[in-house]
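Structure record follows, encoded as structure tokens.
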Amino acid sequence: MSVIMNGKEVSAAKRAQIAKRCEEYKKEHGGRAPGLAVIIVGDDPASAVYVRNKKKGCEEVGFNSWVYEMGAETTQEQLDDLVVKLNNDQSVDGILVQLPLPKHLDEKHVIELIDKNKDVDAFHPYNVGKITEGDYRFLPCTPAGVMEILRYYNVDPSGKNGVVVGRSNIVGKPMALLLLHANGTVKICHSRTPDLKGACREADILVCAIGKAKFFDGEYVKEGAVVIDVGINRDENGKLCGDVDFASVEGKASYITPVPGGVGPMTITMLLENTLKAAQMKN
């Protein structure tokens with residue numbers, strides 16, 4: 001049977017460390033806690049859930065947090081003004097603009113407007129470049145969470161074949177870079193990859209991040225591979241599931257992350273890690 005990689009357990013252990021480090025930080029800085037500002041524009045229900053969970057995470061580890069809710073009719077100028085205000089606010093260490101934004105707003109422009117030293121999502125071009133160099137301060141939260149899970153379960157990518165399916169800027173590309181920095185041999189696959197099944201079967205570590213419910217069954221997985229499921233989807237019954245057909249792959253994989261309860265809990269935890277780092281860097 002596969003070892004189930006419990007993201008909730010890894011997250012709880014990591015948050016306990018962050019909370020302890022937050023207390024030490026506060027002692028060194030006159031009781032001032034690290035602070036995260038989150039901007040949400042519009043009324044997307046999924047975004048609202050994510051933002052609530054981020055605020056809850058901040059409270060759990062002792063951070064200050066502020067949520068700025070802006071209506072769907074918000075103009076580019078109004079959003080830009082708020083970002084600039086938060087850039088200049090010394091009590092704010094991290095800034096996050098919840099994506100996606102309403103279609104009339106320019107996401108790329110907003111990301112580039114955020115102070116690179118407060119960019120706790122690690123989406124700013126400067127931080128993306130630093131990740132490419134391997135000389136980074138912040139990491140995108142989901143790939144960083146995957147690496148934390150691998151460390152917790154003593155899975156070392158060094159010398160192993162890593163296959164990442166998905167080439168998004170948020171998960172696929174940085175995930176491949178982090179496995180490469182950990183001395184893995186990495187292949188990125190996507191919708192145009194010929195013989196995707198064959199490519200996946202070469203993986204010692206298979207990361208699935210394409211957003212297709214239960215797409216990867218046992219035929220995509222080599223015996224004994226480590227399978228990381230980044231997908232969050234709904235199945236035909238409306239039940240939460242990943243990109244991996246868990247029932248088909250469990251037992252064939254040596255380690256596997258479930259959905260829910262795998263990679264998901266780590267994303268906000270690594271956002272908290274980035275916020276603490278931003279505060280420490282500033283001081």
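Each chain in the structure tokens gets a letter, A, B and so on, in the order shown; residues start at 1 in every chain, and ligands are counted from 1 in the order they appear.
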
Exercise for the section: Can you check which residues of region 9-250 of chain A DSSP gives as strand (DSSP E) on the backbone and send them as a PyMOL selection string? Expected result: chain A and resi 35-41+64-70+94-97+161-165+185-189+205-208+226-229+233-234+240-241

Practice task
Just the residues within 9 Å of region 176-180 of chain A, please, counting only C-alpha atoms, with nothing from its chain fewer than 2 positions along; format it as a PyMOL selection string.
Solution key: chain A and resi 131-132+134+143-144+147+157-158+162-164+167+171-174+182-188

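Residues surrounding region 72-79 of chain A within 10 Å are Ile39, Ile40, Val41, Gly42, Asp43, Asp44, Val84, Lys85, Val97, Leu101, Pro102, Lys103, His104, Leu105, Asp106, Glu107, His109 and Val110 of chain A [only C-alpha atoms; sequence separation below 5 positions excluded].
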
Practice task
Just the residues within 9 Å of Ile111 (chain A), please, counting only C-alpha atoms, with nothing from its chain fewer than 5 positions along; format it as a list in words.
Solution key: Leu96, Val97, Asp106, Asp119, Phe123, His124 and Pro125 of chain A

Please, could you write that set of residues out with N, CA and C atoms as a compact mmCIF listing (two decimals), in the first residue's frame?
# COMPACT_ATOMS: atom_id res chain seq x y z
N LEU A 96 -0.66 40.62 -0.94
CA LEU A 96 -1.16 39.60 -1.85
C LEU A 96 -2.43 40.12 -2.51
N VAL A 97 -2.46 40.09 -3.82
CA VAL A 97 -3.68 40.42 -4.57
C VAL A 97 -4.29 39.10 -5.02
N ASP A 106 -5.79 44.69 -15.09
CA ASP A 106 -4.56 44.13 -15.65
C ASP A 106 -3.75 43.42 -14.56
N ASP A 119 6.33 40.93 -2.01
CA ASP A 119 5.64 40.03 -2.94
C ASP A 119 5.65 38.60 -2.42
N PHE A 123 5.32 36.23 -7.39
CA PHE A 123 4.91 36.34 -8.79
C PHE A 123 5.61 37.49 -9.51
N HIS A 124 6.21 38.42 -8.76
CA HIS A 124 6.88 39.57 -9.37
C HIS A 124 8.03 39.07 -10.27
N PRO A 125 8.21 39.68 -11.46
CA PRO A 125 9.28 39.22 -12.36
C PRO A 125 10.65 39.14 -11.70

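Checking A:Leu240, A:Val49, A:Ala12, A:Cys22 one by one against Glu148 (chain A), counting only C-alpha atoms, you find the shortest gap at A:Ala12.
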
Exercise for the section: Within 9 Å of Ser91 (chain A), counting only C-alpha atoms, which residues show up once you throw out same-chain ones fewer than 6 positions away? Write them as number ranges by chain, please. Expected result: A: 32-36, 64

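Computed from the coordinates, the CA of Thr142 (chain A) to CA of Lys277 (chain A) distance equals 16.6 Å.
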
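Take CA of Val83 (chain A) and CA of Tyr68 (chain A): the distance between them is 10.4 Å.
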
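Residues with any atom within 10 Å of Asp217 (chain A), counting only C-alpha atoms and excluding same-chain neighbours fewer than 6 positions away, are Lys197, Asp243, Val244, Asp245, Phe246, Ala247, Ser248, Val249 and Glu250 of chain A.
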
Emit the selected residues as a compact mmCIF listing (two decimals), in the first residue's frame, including N, CA and C atoms.
# COMPACT_ATOMS: atom_id res chain seq x y z
N LYS A 197 1.44 9.45 -21.47
CA LYS A 197 1.41 8.29 -20.57
C LYS A 197 2.80 7.70 -20.40
N ASP A 243 -6.30 15.71 -9.64
CA ASP A 243 -6.02 15.31 -11.02
C ASP A 243 -5.76 13.81 -11.12
N VAL A 244 -5.47 13.19 -9.98
CA VAL A 244 -5.12 11.77 -9.94
C VAL A 244 -6.33 10.95 -9.53
N ASP A 245 -6.54 9.83 -10.23
CA ASP A 245 -7.57 8.87 -9.84
C ASP A 245 -7.00 8.06 -8.66
N PHE A 246 -7.25 8.57 -7.47
CA PHE A 246 -6.60 8.06 -6.26
C PHE A 246 -6.77 6.54 -6.10
N ALA A 247 -7.97 6.06 -6.30
CA ALA A 247 -8.25 4.63 -6.10
C ALA A 247 -7.42 3.77 -7.04
N SER A 248 -7.18 4.26 -8.25
CA SER A 248 -6.43 3.51 -9.25
C SER A 248 -4.93 3.54 -8.98
N VAL A 249 -4.45 4.64 -8.40
CA VAL A 249 -3.01 4.84 -8.22
C VAL A 249 -2.52 4.38 -6.85
N GLU A 250 -3.37 4.51 -5.83
CA GLU A 250 -2.97 4.07 -4.49
C GLU A 250 -2.65 2.58 -4.53

Exercise for the section: Can you pull out every residue within 12 Å of Ala16 (chain A), counting only C-alpha atoms, but drop anything in the same chain fewer than 4 positions away, and send it as a ChimeraX atom specification? Expected result: /A:9-12,20-23,57,60-62,269,272-273

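Closest approach to Val226 (chain A) among A:Pro100, A:Leu113, A:Leu82, A:Ser2: A:Ser2, based on only C-alpha atoms.
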
Practice task
From the DSSP assignment of the backbone, select every residue of region 75-207 of chain A that is alpha helix (DSSP H), and format the answer as number ranges by chain.
Solution key: A: 76-87, 107-113, 125-133, 141-152, 172-181, 196-200

Handout entry: A:Arg234, A:Ile256, A:Arg15, A:Ile170 ranked by distance to Glu59 (chain A), top pick (using only C-alpha atoms)
Key =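 Of all the options, A:Arg15 lies closest to Glu59 (chain A).
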